[in-house]
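Please read the structure below before turning to the comments.
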Amino acid sequence: MSMLLLVISLAGVACADSASPRRFAGIKDCDACPELSIIPPGTFTMGTDSRHKYERPAHTVVIDKAFAIGVFEVSFDEWQICFDEGACGTEMPNDHKWGMGNRPVINITWHDTKLYLNWLRKKTGRTYRLPSEAEWEYATRAGTQTEFWWGDDIGLEKANCRNCGPEISHQSLPVDSFAPNPWGLYNVHGNVWEWTEDCWNPTYDGAPSTAKPRIDGDCQQRVMRSGSWYYFSKNLRSAWRAKNNAMVKSYGIGFRVVRELP
């Protein structure tokens with residue numbers, strides 16, 4: 001079934017700069033596996049030349065091969081299955097008393113994500129991993145160059161953050177909250193920070209011009225993207241970069257997966 005879905009999805013893939021709307025059908029390699037969206041190859045401008053020093057310099061990145069990325073942040077429900085099968089540690093991550101279920105799994109280190117990814121690899125025979133920083137920004141932008149995929153203003157009720165609505169949530173929300181971006185991805189802005197594969201570098205000087213993760217620099221610190229429920233909207237921008245120690249657990253950090261395509 002998953003291979004059939006893959007064929008259907010790739011048939012609808014268009015270049016990232018195409019103005020015509022597309023539907024990016026999902027892949028689901030097993031009943032317990034996360035749903036994935038096919039991301040087409042293309043070229044985009046990563047980062048900005050704005051006052052935000054970590055985003056400089058803006059540079060062209062070529063994504064030369066389609067890949068699949070999680071439609072949603074990995075949820076507690078999904079992590080629970082891995083845990084029940086003995087592959088995701090000896091105790092479930094702390095939910096901060098918000099509830100588990102369809103909320104994004106939190107309080108997991110960068111290293112913890114590898115437990116889940118290894119479990120998916122063994123279960124499916126497919127290559128699952130964290131997204132590179134370039135893949136993350138490309139998939140989030142979905143062909144746009146605005147601050148957020150929907151435009152330059154945060155608006156109201158479009159994301160989960162400190163100033164994203166008339167009331168502050170003070171917690172994560174279910175992974176399917178709000179509208180998806182044009183490539184079918186939910187909560188790429190806000191809700192929880194998302195770990196990427198890349199080591200931290202304070203600028204893009206020397207960064208790859210491809211989808212590959214950057215594995216030089218400070219590898220005790222890993223790049224996070226997306227912003228979270230705790231942060232203001234400027235931290236949710238498509239280009240915003242942040243870092244954290246790979247050993248840190250936080251109620252504001254989760255992740256989504258990438259699956260390589262043939």
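A note on labels: chains of the structure tokens are A, B, ... as shown, every chain counts residues from 1, and ligands are counted from 1 in their shown order.
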Fewer than 5 positions away in the same chain doesn't count, so skip those; otherwise give me all residues within 9 Å of segment 246-248 of chain A, counting only C-alpha atoms, as a VMD selection string. chain A and resid 107 to 112 195 219 to 222
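For segment 20-122 of chain A, the set of residues given alpha helix (DSSP H) by DSSP on the backbone reads Phe76, Asp77, Glu78, Trp79, Gln80, Ile81, Cys82, Phe83, Asp84, Trp110, His111, Asp112, Thr113, Lys114, Leu115, Tyr116, Leu117, Asn118, Trp119, Leu120, Arg121 and Lys122 of chain A.
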Residues as selected, N, CA and C atoms, written as a PDB file, in the first residue's frame, can you do that?
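Saved file again.pdb follows:
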```pdb
ATOM      1  N   PHE A  76       2.860  11.797  21.275  1.00  0.00           N
ATOM      2  CA  PHE A  76       2.994  10.851  22.383  1.00  0.00           C
ATOM      3  C   PHE A  76       2.438   9.476  21.998  1.00  0.00           C
ATOM      4  N   ASP A  77       1.307   9.461  21.295  1.00  0.00           N
ATOM      5  CA  ASP A  77       0.722   8.181  20.866  1.00  0.00           C
ATOM      6  C   ASP A  77       1.723   7.377  20.044  1.00  0.00           C
ATOM      7  N   GLU A  78       2.411   8.033  19.122  1.00  0.00           N
ATOM      8  CA  GLU A  78       3.374   7.345  18.276  1.00  0.00           C
ATOM      9  C   GLU A  78       4.583   6.874  19.084  1.00  0.00           C
ATOM     10  N   TRP A  79       5.057   7.730  19.972  1.00  0.00           N
ATOM     11  CA  TRP A  79       6.190   7.345  20.829  1.00  0.00           C
ATOM     12  C   TRP A  79       5.803   6.180  21.733  1.00  0.00           C
ATOM     13  N   GLN A  80       4.550   6.168  22.204  1.00  0.00           N
ATOM     14  CA  GLN A  80       4.089   5.110  23.110  1.00  0.00           C
ATOM     15  C   GLN A  80       4.241   3.731  22.477  1.00  0.00           C
ATOM     16  N   ILE A  81       3.956   3.615  21.185  1.00  0.00           N
ATOM     17  CA  ILE A  81       4.062   2.322  20.516  1.00  0.00           C
ATOM     18  C   ILE A  81       5.512   1.859  20.510  1.00  0.00           C
ATOM     19  N   CYS A  82       6.413   2.777  20.204  1.00  0.00           N
ATOM     20  CA  CYS A  82       7.843   2.454  20.232  1.00  0.00           C
ATOM     21  C   CYS A  82       8.272   2.051  21.643  1.00  0.00           C
ATOM     22  N   PHE A  83       7.792   2.777  22.638  1.00  0.00           N
ATOM     23  CA  PHE A  83       8.106   2.458  24.031  1.00  0.00           C
ATOM     24  C   PHE A  83       7.565   1.073  24.406  1.00  0.00           C
ATOM     25  N   ASP A  84       6.323   0.792  24.025  1.00  0.00           N
ATOM     26  CA  ASP A  84       5.707  -0.495  24.362  1.00  0.00           C
ATOM     27  C   ASP A  84       6.446  -1.663  23.724  1.00  0.00           C
ATOM     28  N   TRP A 110      17.954  15.272  21.870  1.00  0.00           N
ATOM     29  CA  TRP A 110      18.302  15.002  20.474  1.00  0.00           C
ATOM     30  C   TRP A 110      18.691  13.543  20.315  1.00  0.00           C
ATOM     31  N   HIS A 111      19.425  13.017  21.294  1.00  0.00           N
ATOM     32  CA  HIS A 111      19.842  11.617  21.234  1.00  0.00           C
ATOM     33  C   HIS A 111      18.639  10.674  21.354  1.00  0.00           C
ATOM     34  N   ASP A 112      17.636  11.040  22.146  1.00  0.00           N
ATOM     35  CA  ASP A 112      16.439  10.209  22.285  1.00  0.00           C
ATOM     36  C   ASP A 112      15.723  10.027  20.953  1.00  0.00           C
ATOM     37  N   THR A 113      15.736  11.066  20.122  1.00  0.00           N
ATOM     38  CA  THR A 113      15.038  10.946  18.832  1.00  0.00           C
ATOM     39  C   THR A 113      15.595   9.794  18.011  1.00  0.00           C
ATOM     40  N   LYS A 114      16.870   9.485  18.208  1.00  0.00           N
ATOM     41  CA  LYS A 114      17.508   8.424  17.425  1.00  0.00           C
ATOM     42  C   LYS A 114      16.959   7.046  17.787  1.00  0.00           C
ATOM     43  N   LEU A 115      16.470   6.896  19.026  1.00  0.00           N
ATOM     44  CA  LEU A 115      15.832   5.639  19.416  1.00  0.00           C
ATOM     45  C   LEU A 115      14.597   5.385  18.558  1.00  0.00           C
ATOM     46  N   TYR A 116      13.784   6.417  18.433  1.00  0.00           N
ATOM     47  CA  TYR A 116      12.551   6.304  17.644  1.00  0.00           C
ATOM     48  C   TYR A 116      12.868   6.077  16.172  1.00  0.00           C
ATOM     49  N   LEU A 117      13.846   6.808  15.652  1.00  0.00           N
ATOM     50  CA  LEU A 117      14.208   6.685  14.247  1.00  0.00           C
ATOM     51  C   LEU A 117      14.783   5.301  13.941  1.00  0.00           C
ATOM     52  N   ASN A 118      15.600   4.781  14.841  1.00  0.00           N
ATOM     53  CA  ASN A 118      16.140   3.424  14.646  1.00  0.00           C
ATOM     54  C   ASN A 118      15.030   2.379  14.666  1.00  0.00           C
ATOM     55  N   TRP A 119      14.054   2.578  15.542  1.00  0.00           N
ATOM     56  CA  TRP A 119      12.911   1.665  15.607  1.00  0.00           C
ATOM     57  C   TRP A 119      12.142   1.672  14.287  1.00  0.00           C
ATOM     58  N   LEU A 120      11.920   2.855  13.724  1.00  0.00           N
ATOM     59  CA  LEU A 120      11.233   2.944  12.436  1.00  0.00           C
ATOM     60  C   LEU A 120      12.038   2.261  11.327  1.00  0.00           C
ATOM     61  N   ARG A 121      13.344   2.442  11.349  1.00  0.00           N
ATOM     62  CA  ARG A 121      14.183   1.801  10.335  1.00  0.00           C
ATOM     63  C   ARG A 121      14.049   0.284  10.384  1.00  0.00           C
ATOM     64  N   LYS A 122      14.122  -0.261  11.593  1.00  0.00           N
ATOM     65  CA  LYS A 122      14.038  -1.717  11.741  1.00  0.00           C
ATOM     66  C   LYS A 122      12.651  -2.239  11.385  1.00  0.00           C
TER      67      LYS A 122
END
```
Could you check the closest approach to Gly99 of chain A for each of A:Ser172, A:Thr60, A:Ser37, A:Gln145 and tell me which residue wins, using only C-alpha atoms? A:Ser172
Would you kindly return, as a PyMOL selection string, each protein, DNA or RNA residue with an atom no farther than 7 Å from any atom of Ser75 of chain A, considering only C-alpha atoms and excluding same-chain residues fewer than 2 positions away? chain A and resi 73+77-79+101-105+175
Selection export as a compact mmCIF listing (two decimals), in the first residue's frame, atoms kept: N, CA and C atoms:
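The resulting result20.txt:
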```txt
# COMPACT_ATOMS: atom_id res chain seq x y z
N GLU A 73 4.24 16.74 13.87
CA GLU A 73 5.26 16.45 14.86
C GLU A 73 4.97 15.07 15.44
N ASP A 77 1.31 9.46 21.30
CA ASP A 77 0.72 8.18 20.87
C ASP A 77 1.72 7.38 20.04
N GLU A 78 2.41 8.03 19.12
CA GLU A 78 3.37 7.34 18.28
C GLU A 78 4.58 6.87 19.08
N TRP A 79 5.06 7.73 19.97
CA TRP A 79 6.19 7.35 20.83
C TRP A 79 5.80 6.18 21.73
N GLY A 101 -1.44 11.47 24.35
CA GLY A 101 -2.30 11.31 23.17
C GLY A 101 -1.71 11.94 21.93
N ASN A 102 -2.47 12.86 21.33
CA ASN A 102 -2.12 13.46 20.06
C ASN A 102 -1.30 14.74 20.20
N ARG A 103 -0.83 15.01 21.41
CA ARG A 103 0.08 16.14 21.58
C ARG A 103 1.49 15.72 21.16
N PRO A 104 2.33 16.70 20.76
CA PRO A 104 3.70 16.32 20.38
C PRO A 104 4.47 15.78 21.57
N VAL A 105 5.24 14.72 21.34
CA VAL A 105 6.07 14.19 22.40
C VAL A 105 7.11 15.26 22.77
N VAL A 175 -1.12 17.82 17.57
CA VAL A 175 -0.25 17.99 16.41
C VAL A 175 -1.01 18.38 15.14
```
Could you list, with a cut-off of 7 Å and counting only C-alpha atoms, the residues of segment 154-233 of chain A near segment 69-72 of chain A, each shown with its nearest atom pair and the distance in Å rounded to one decimal, rows sorted by chain and ascending number, as JSON lines?
```
{"residue": "A:Val175", "atom": "CA", "partner": "A:Phe72", "partner_atom": "CA", "distance": 5.7}
{"residue": "A:Asp176", "atom": "CA", "partner": "A:Phe72", "partner_atom": "CA", "distance": 6.7}
{"residue": "A:Gly184", "atom": "CA", "partner": "A:Val71", "partner_atom": "CA", "distance": 6.3}
{"residue": "A:Leu185", "atom": "CA", "partner": "A:Val71", "partner_atom": "CA", "distance": 4.5}
{"residue": "A:Tyr186", "atom": "CA", "partner": "A:Phe72", "partner_atom": "CA", "distance": 5.4}
```
Counting only C-alpha atoms, which of A:Glu194, A:Asp205, A:Asp49, A:Glu157 gets nearest to Ser177 of chain A?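 Using only C-alpha atoms, the shortest distance to Ser177 of chain A belongs to A:Glu157.
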Using DSSP secondary structure from the backbone, list all strand (DSSP E or B) positions within segment 30-104 of chain A, as a PyMOL selection string. chain A and resi 36-39+42-46+59-63+67-70+75+104
Which residue, A:Asp218, A:Glu91, A:Glu260, A:Asp64, has the smallest gap to Asn245 of chain A when you use only C-alpha atoms? A:Asp218
Atom CA of Lys212 of chain A and atom CA of Glu133 of chain A are how many Å apart?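 Between these atoms lies a distance of 8.3 Å.
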Measuring between only C-alpha atoms, which one of A:Pro262, A:Gly42, A:Gly227, A:Pro93 shows the shortest distance to Val188 of chain A?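 Nearest candidate to Val188 of chain A out of A:Pro262, A:Gly42, A:Gly227, A:Pro93: A:Gly227.
Pairwise distance (atom CA of Met224 of chain A, atom CA of Pro208 of chain A) equals 17.4 Å.
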Point out the residue among A:Gly252, A:Gly143, A:Pro180, A:Gly206 with the least atom-to-atom distance to Cys161 of chain A, counting only C-alpha atoms.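 Of A:Gly252, A:Gly143, A:Pro180, A:Gly206, the one nearest Cys161 of chain A is A:Gly252, counting only C-alpha atoms.
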